[in-house]
file input_14.txt (compact mmCIF, C-alpha atoms (C1' of nucleotides))
# COMPACT_ATOMS: atom_id res chain seq x y z
CA MET G 1 149.75 115.44 129.75
CA ASN G 2 152.87 115.08 131.81
CA GLY G 3 155.12 116.75 129.26
CA ARG G 4 158.68 115.49 129.07
CA TYR G 5 158.62 114.02 132.56
CA ARG G 6 157.84 110.32 132.88
CA PRO G 7 155.99 109.34 136.09
CA LEU G 8 157.47 106.89 138.56
CA VAL G 9 155.86 103.49 138.88
CA ALA G 10 154.01 104.13 142.10
CA ALA G 11 153.54 100.65 143.53
CA SER G 12 157.08 99.30 143.27
CA PHE G 13 158.89 102.47 144.34
CA PHE G 14 156.69 103.61 147.21
CA ASP G 15 155.64 100.24 148.66
CA ARG G 16 158.81 99.98 150.75
CA PRO G 17 159.94 101.12 154.22
CA ALA G 18 159.85 104.89 154.77
CA GLU G 19 163.57 105.11 155.50
CA THR G 20 164.41 103.54 152.14
CA VAL G 21 162.00 105.70 150.18
CA ALA G 22 163.13 108.87 151.99
CA ARG G 23 166.75 108.25 151.02
CA GLU G 24 165.98 107.26 147.43
CA LEU G 25 163.60 110.14 146.82
CA LEU G 26 166.57 112.51 147.01
CA GLY G 27 167.28 113.71 143.47
CA SER G 28 163.78 112.95 142.20
CA PHE G 29 161.79 115.72 140.57
CA LEU G 30 158.53 117.05 142.03
CA VAL G 31 156.42 118.45 139.20
CA SER G 32 153.40 120.71 139.77
CA ASP G 33 151.10 122.07 137.10
CA CYS G 34 148.83 123.59 139.74
CA GLY G 35 147.80 127.17 139.10
CA GLY G 36 148.27 126.69 135.36
CA LYS G 37 152.05 127.04 135.35
CA ARG G 38 154.56 124.21 135.39
CA CYS G 39 156.97 124.32 138.32
CA VAL G 40 159.61 121.66 138.94
CA GLY G 41 161.83 121.12 141.96
CA ARG G 42 164.55 118.58 142.65
CA ILE G 43 163.97 116.92 146.03
CA VAL G 44 166.98 117.60 148.28
CA GLU G 45 165.67 116.97 151.82
CA THR G 46 163.27 114.38 153.26
CA GLU G 47 162.23 112.85 156.58
CA ALA G 48 160.84 109.38 157.28
CA TYR G 49 157.85 108.78 159.57
CA PRO G 50 158.01 104.99 159.34
CA GLY G 51 155.06 103.75 161.38
CA PRO G 52 153.07 103.56 164.63
CA HIS G 53 156.23 102.72 166.62
CA ASP G 54 157.49 106.26 165.86
CA PRO G 55 156.31 108.56 168.67
CA ALA G 56 156.71 111.63 166.43
CA SER G 57 154.32 110.26 163.80
CA HIS G 58 150.83 111.67 163.47
CA ALA G 59 149.79 108.01 163.46
CA ALA G 60 151.80 106.99 166.57
CA ALA G 61 150.38 103.93 168.29
CA PRO G 62 148.63 105.77 171.17
CA ILE G 63 146.81 107.96 168.66
CA GLY G 64 145.66 105.30 166.22
CA ARG G 65 143.67 106.06 163.12
CA THR G 66 141.90 109.43 163.17
CA ALA G 67 140.29 111.79 160.68
CA ARG G 68 143.51 113.80 160.37
CA ASN G 69 145.96 110.95 159.79
CA ASP G 70 143.64 108.76 157.73
CA PRO G 71 145.40 109.58 154.42
CA MET G 72 148.58 108.00 155.89
CA PHE G 73 146.75 104.64 155.84
CA GLY G 74 146.04 104.99 152.12
CA PRO G 75 147.84 103.30 149.20
CA PRO G 76 151.56 103.97 148.60
CA GLY G 77 152.38 106.85 146.31
CA THR G 78 149.52 109.09 147.38
CA ALA G 79 149.70 112.51 149.07
CA TYR G 80 149.16 113.34 152.74
CA PHE G 81 148.96 117.07 153.45
CA HIS G 82 149.03 118.23 157.07
CA LEU G 83 148.55 121.66 158.61
CA ASN G 84 151.22 122.84 161.01
CA PHE G 85 150.92 125.63 163.59
CA GLY G 86 147.59 126.54 162.08
CA VAL G 87 149.22 128.20 159.09
CA HIS G 88 151.56 125.96 157.11
CA TRP G 89 150.62 123.08 154.80
CA CYS G 90 153.26 120.38 154.31
CA LEU G 91 153.46 117.56 151.74
CA ASN G 92 154.09 113.92 152.62
CA VAL G 93 154.27 110.88 150.34
CA VAL G 94 152.43 107.86 151.73
CA VAL G 95 154.64 104.75 151.64
CA GLY G 96 154.45 101.06 152.57
CA PRO G 97 151.42 98.82 152.15
CA GLU G 98 147.89 100.19 152.21
CA GLY G 99 146.47 100.04 155.73
CA TYR G 100 149.87 100.70 157.35
CA PRO G 101 150.49 104.35 158.30
CA ALA G 102 153.91 105.49 157.05
CA ALA G 103 155.00 108.56 155.13
CA VAL G 104 157.93 110.62 153.89
CA LEU G 105 157.87 114.38 154.48
CA ILE G 106 159.25 116.43 151.59
CA ARG G 107 161.25 119.11 153.43
CA ALA G 108 163.00 120.96 150.61
CA VAL G 109 163.40 121.08 146.84
CA GLU G 110 165.78 122.94 144.53
CA PRO G 111 163.96 125.00 141.86
CA LEU G 112 164.58 123.73 138.32
CA GLU G 113 161.76 125.11 136.20
CA GLY G 114 159.11 127.81 136.68
CA LEU G 115 161.36 130.15 138.67
CA GLU G 116 159.40 133.23 137.59
CA THR G 117 156.14 131.70 138.76
CA MET G 118 157.63 130.69 142.12
CA ARG G 119 159.04 134.18 142.67
CA ARG G 120 155.60 135.63 141.96
CA ARG G 121 154.03 133.27 144.50
CA ARG G 122 156.64 134.12 147.16
CA PRO G 123 157.29 137.82 146.68
CA GLY G 124 160.25 139.46 148.37
CA ARG G 125 162.11 136.19 148.89
CA THR G 126 165.54 135.26 147.62
CA ASP G 127 165.71 132.25 145.30
CA ARG G 128 167.06 130.15 148.16
CA GLU G 129 164.02 131.06 150.25
CA LEU G 130 161.59 129.95 147.55
CA THR G 131 161.61 126.24 148.42
CA SER G 132 164.08 125.62 151.29
CA GLY G 133 161.47 124.38 153.77
CA PRO G 134 158.42 122.08 153.84
CA ALA G 135 155.83 124.88 153.90
CA LYS G 136 157.83 127.14 151.57
CA LEU G 137 157.80 124.60 148.78
CA THR G 138 154.03 124.02 149.00
CA GLN G 139 153.54 127.76 148.52
CA ALA G 140 155.98 127.94 145.61
CA LEU G 141 154.31 124.98 143.87
CA ALA G 142 150.78 126.18 144.72
CA ILE G 143 149.82 122.83 146.26
CA GLY G 144 147.73 122.06 149.32
CA PRO G 145 144.90 120.04 150.86
CA SER G 146 142.77 120.14 147.70
CA LEU G 147 145.21 117.41 146.59
CA GLN G 148 144.73 115.31 149.75
CA ARG G 149 145.12 111.59 148.80
CA HIS G 150 146.14 112.56 145.26
CA ARG G 151 148.09 109.88 143.37
CA LEU G 152 151.57 111.27 142.82
CA SER G 153 151.92 109.47 139.50
CA ASP G 154 149.26 111.69 137.90
CA ALA G 155 148.91 115.31 136.79
CA PRO G 156 148.73 117.94 138.12
CA LEU G 157 151.23 116.84 140.82
CA PHE G 158 153.65 113.99 140.29
CA ILE G 159 157.15 112.68 141.01
CA THR G 160 159.63 111.52 138.38
CA PRO G 161 163.05 109.78 138.67
CA GLY G 162 165.25 112.87 138.17
CA THR G 163 168.96 112.61 138.86
CA LYS G 164 170.33 110.15 141.39
CA VAL G 165 172.23 111.51 144.40
CA PRO G 166 175.47 109.57 144.98
CA LYS G 167 175.76 107.84 148.35
CA SER G 168 178.71 110.05 149.33
CA SER G 169 176.52 113.15 149.05
CA VAL G 170 173.65 111.87 151.21
CA ALA G 171 173.72 113.24 154.76
CA ARG G 172 171.70 111.57 157.50
CA THR G 173 170.68 113.37 160.72
CA THR G 174 167.96 113.51 163.34
CA ARG G 175 164.65 115.06 162.31
CA VAL G 176 163.86 118.75 162.62
CA GLY G 177 161.32 120.45 164.85
CA ILE G 178 159.92 117.44 166.68
CA THR G 179 159.70 116.86 170.44
CA LYS G 180 159.43 113.04 170.46
CA GLY G 181 161.53 110.42 168.70
CA THR G 182 164.41 112.90 168.58
CA THR G 183 167.17 110.27 168.68
CA LYS G 184 166.23 108.59 165.40
CA ARG G 185 168.27 109.66 162.39
CA TRP G 186 165.46 109.70 159.88
CA ARG G 187 166.28 112.93 158.02
CA PHE G 188 168.14 112.76 154.71
CA TYR G 189 169.51 115.56 152.54
CA ASP G 190 171.80 116.24 149.60
CA ARG G 191 174.81 117.99 151.15
CA ARG G 192 175.74 119.54 147.77
CA SER G 193 172.50 121.52 147.61
CA GLY G 194 172.08 125.12 148.73
CA TRP G 195 168.34 124.63 149.28
CA VAL G 196 168.46 122.46 152.42
CA SER G 197 166.68 123.89 155.47
CA ARG G 198 169.40 124.16 158.09
CA SER G 199 167.14 124.79 161.02
CA GLU G 200 168.18 122.10 163.48
CA ARG G 201 166.22 123.32 166.43
CA PRO G 202 167.78 122.49 169.81
CA ARG G 203 165.50 121.31 172.60
C1' DG C 1 174.77 135.93 161.94
C1' DA C 2 172.25 133.79 165.68
C1' DA C 3 168.51 133.54 168.63
C1' DA C 4 164.00 134.68 170.37
C1' DC C 5 159.26 135.01 169.51
C1' DG C 6 154.49 135.63 167.66
C1' DA C 7 151.14 134.04 164.26
C1' DT C 8 146.92 131.02 164.04
C1' DT C 9 143.88 126.85 164.12
C1' DA C 10 142.90 121.80 163.74
C1' DT C 11 143.39 118.10 166.58
C1' DC C 12 143.66 115.48 170.64
C1' DT C 13 143.47 115.03 176.03
C1' DG L 1 143.05 123.83 177.24
C1' DA L 2 147.52 122.42 175.42
C1' DT L 3 150.01 121.36 171.71
C1' DA L 4 152.17 121.34 167.05
C1' DA L 5 156.76 117.44 161.31
C1' DT L 6 157.15 126.09 160.51
C1' DC L 7 157.92 130.65 158.85
C1' DG L 8 159.05 135.40 158.94
C1' DT L 9 160.20 139.32 161.65
C1' DT L 10 162.58 141.42 165.26
C1' DT L 11 166.29 141.96 168.37
C1' DC L 12 170.78 141.66 169.86
C1' DA L 13 175.70 140.96 169.22
call {"tool": "encode", "arguments": {"input": "input_14.txt", "output": "structure tokens"}}
result
Amino acid sequence: MNGRYRPLVAASFFDRPAETVARELLGSFLVSDCGGKRCVGRIVETEAYPGPHDPASHAAAPIGRTARNDPMFGPPGTAYFHLNFGVHWCLNVVVGPEGYPAAVLIRAVEPLEGLETMRRRRPGRTDRELTSGPAKLTQALAIGPSLQRHRLSDAPLFITPGTKVPKSSVARTTRVGITKGTTKRWRFYDRRSGWVSRSERPR
DNA sequence: GAAACGATTATCT
DNA sequence: GATAATCGTTTCA
């Protein structure tokens, strides 16, 4: 059961350009029942990786389709988990038509429900540090590559409409931590939230 | 505070 | 063999 949260309609919402989905995902709720405890976060920061023309994408044109990026070619509304620096798992939502590699990275959420469980999973952290980064939130929600290609309309990990972020509160910047495609402003966040990862790393 | 840096491993050249 | 869509600790001001 999905409890009191109603799943998004996957096809219509996610089968659109990554930039559009990244902006509109702000304010949605990410619900995880993994590990037997319900944890809910409001999505406050995202990044778009819109296709093969994006040199920063794991599916950039020179790379093509490989074992690692294959989930990005899957149907819209499914999960793509990738490992970063050998240690951190990050969650992406696959968007656009099946067969076309595009995704939205979920960079930060604001804890709404299951705070005690998240604190137990990330001991010694302040509440702000629970979910204010792409690999922090996967730890707090106890999610990872066992959910590779999982449909994000189904338990135990799904996205629901949540509360809409007004246009005036949406900030748009360049993406964080990449070395290619650094001029594109494909990062979106809710400027009212205290859970946004501020790390804009200079190059 | 801000900035530097090491961890740790799959993936691609 | 180099690199990477990060995090957490240490170091310095």
call {"tool": "interface_residues", "arguments": {"input": "input_14.txt", "of": "chain G", "to": "chain C", "cutoff": "8 Å", "atoms": "only C-alpha atoms (C1' of nucleotides)", "output": "VMD selection string"}}
result
chain G and resid 68 83 85 to 87
call {"tool": "residues_around", "arguments": {"input": "input_14.txt", "residues": "range 2-11 of chain L", "least_positions_apart": "6", "cutoff": "7 Å", "atoms": "only C-alpha atoms (C1' of nucleotides)", "output": "list in words"}}
result
Asn84, Phe85, His88, Ala135, Gly177 and Ile178 of chain G
call {"tool": "atom_distance", "arguments": {"input": "input_14.txt", "atom1": "CA of Thr78 in chain G", "atom2": "CA of Gly133 in chain G"}}
result
20.4 Å
call {"tool": "interface_residues", "arguments": {"input": "input_14.txt", "of": "chain G", "to": "chain L", "cutoff": "12 Å", "atoms": "all atoms listed in the file", "output": "count of residues only"}}
result
51
call {"tool": "atom_distance", "arguments": {"input": "input_14.txt", "atom1": "CA of Arg65 in chain G", "atom2": "CA of Pro101 in chain G"}}
result
8.5 Å
call {"tool": "axis_aligned_box", "arguments": {"input": "input_14.txt", "around": "range 130-149 of chain G", "padding_each_side": "6 Å", "output": "AutoDock Vina command-line options"}}
result
--center_x 153.4 --center_y 120.8 --center_z 148.9 --size_x 33.3 --size_y 30.4 --size_z 22.0
call {"tool": "atom_distance", "arguments": {"input": "input_14.txt", "atom1": "CA of Pro52 in chain G", "atom2": "CA of Leu25 in chain G"}}
result
21.7 Å
